[in-house]
Amino acid sequence: MFAFKIIDAISLSDTNVRKNLAEINLRKGGDVILTFTGLQFPVLFGKSDEVRKALILKNLWPELNEDTNIYERTEYLDLRYKNKVYIGKKKIEWTNG
């Protein structure tokens, strides 16, 4: 049921976001994870406030898909916390050579 609420909220907020929604992983009642085509990282969606989070995705979507992607080192996008968006960055490992 919650998956349909997510699809409805995303569809109402932005059809471009909806077209790129590839997977909704409900994780057996745990926090929901969304996967989108074109994004190299998952979106940690959580279990509530689907309309608010869909609007956040709508606002971030143009930046997430720019040619000069500032999110290229992103490991995940976390929307689970109220009024906060966390961007997990990949660690860069330096090798001495």
# chains A, B, ... in the order shown; residues from 1 in each chain; ligands from 1

call {"tool": "closest_atom_pairs", "arguments": {"of": "range 12-33 of chain A", "to": "range 44-67 of chain A", "cutoff": "6 Å", "atoms": "only C-alpha atoms", "output": "Markdown table"}}
result
| residue | atom | partner | partner_atom | distance |
| --- | --- | --- | --- | --- |
| A:Ser13 | CA | A:Leu55 | CA | 5.9 |
| A:Asp14 | CA | A:Lys58 | CA | 5.9 |
| A:Asp31 | CA | A:Gly46 | CA | 4.4 |
| A:Val32 | CA | A:Gly46 | CA | 4.9 |
| A:Ile33 | CA | A:Leu44 | CA | 4.7 |

call {"tool": "write_last_selection", "arguments": {"atoms": "N, CA, C and O atoms", "output": "tab-separated table (two decimals), in the first residue's frame"}}
result
chain	number	residue	atom	x	y	z
A	13	SER	N	3.85	15.12	-8.29
A	13	SER	CA	4.83	16.20	-8.15
A	13	SER	C	5.61	16.45	-9.43
A	13	SER	O	5.87	17.59	-9.78
A	14	ASP	N	6.00	15.37	-10.14
A	14	ASP	CA	6.82	15.57	-11.33
A	14	ASP	C	6.84	14.29	-12.16
A	14	ASP	O	7.28	13.24	-11.68
A	31	ASP	N	13.02	0.83	6.36
A	31	ASP	CA	13.01	2.09	5.61
A	31	ASP	C	13.00	1.79	4.11
A	31	ASP	O	13.72	0.93	3.63
A	32	VAL	N	12.20	2.54	3.38
A	32	VAL	CA	12.04	2.36	1.94
A	32	VAL	C	13.23	2.96	1.21
A	32	VAL	O	13.71	4.05	1.56
A	33	ILE	N	13.72	2.24	0.19
A	33	ILE	CA	14.82	2.72	-0.64
A	33	ILE	C	14.32	2.80	-2.08
A	33	ILE	O	13.75	1.84	-2.60

call {"tool": "select_by_dssp", "arguments": {"residues": "chain A", "states": "strand (DSSP E or B)", "output": "PyMOL selection string"}}
result
chain A and resi 21-25+32-36+43-46+74-78+86-89

call {"tool": "closest_residue", "arguments": {"among": "A:Arg80, A:Leu26, A:Arg73, A:Phe41", "to": "Phe4 in chain A", "atoms": "only C-alpha atoms"}}
result
A:Leu26

call {"tool": "atom_distance", "arguments": {"atom1": "CA of Lys90 in chain A", "atom2": "CA of Tyr76 in chain A"}}
result
8.8 Å

call {"tool": "closest_residue", "arguments": {"among": "A:Ile87, A:Val43, A:Ala9, A:Met1", "to": "Ala22 in chain A", "atoms": "only C-alpha atoms"}}
result
A:Val43

call {"tool": "atom_distance", "arguments": {"atom1": "CA of Asn16 in chain A", "atom2": "CA of Thr37 in chain A"}}
result
11.0 Å

call {"tool": "atom_distance", "arguments": {"atom1": "CA of Lys28 in chain A", "atom2": "CA of Tyr81 in chain A"}}
result
20.0 Å

call {"tool": "closest_residue", "arguments": {"among": "A:Gly29, A:Leu34, A:Lys89, A:Pro42", "to": "Ile10 in chain A", "atoms": "only C-alpha atoms"}}
result
A:Leu34
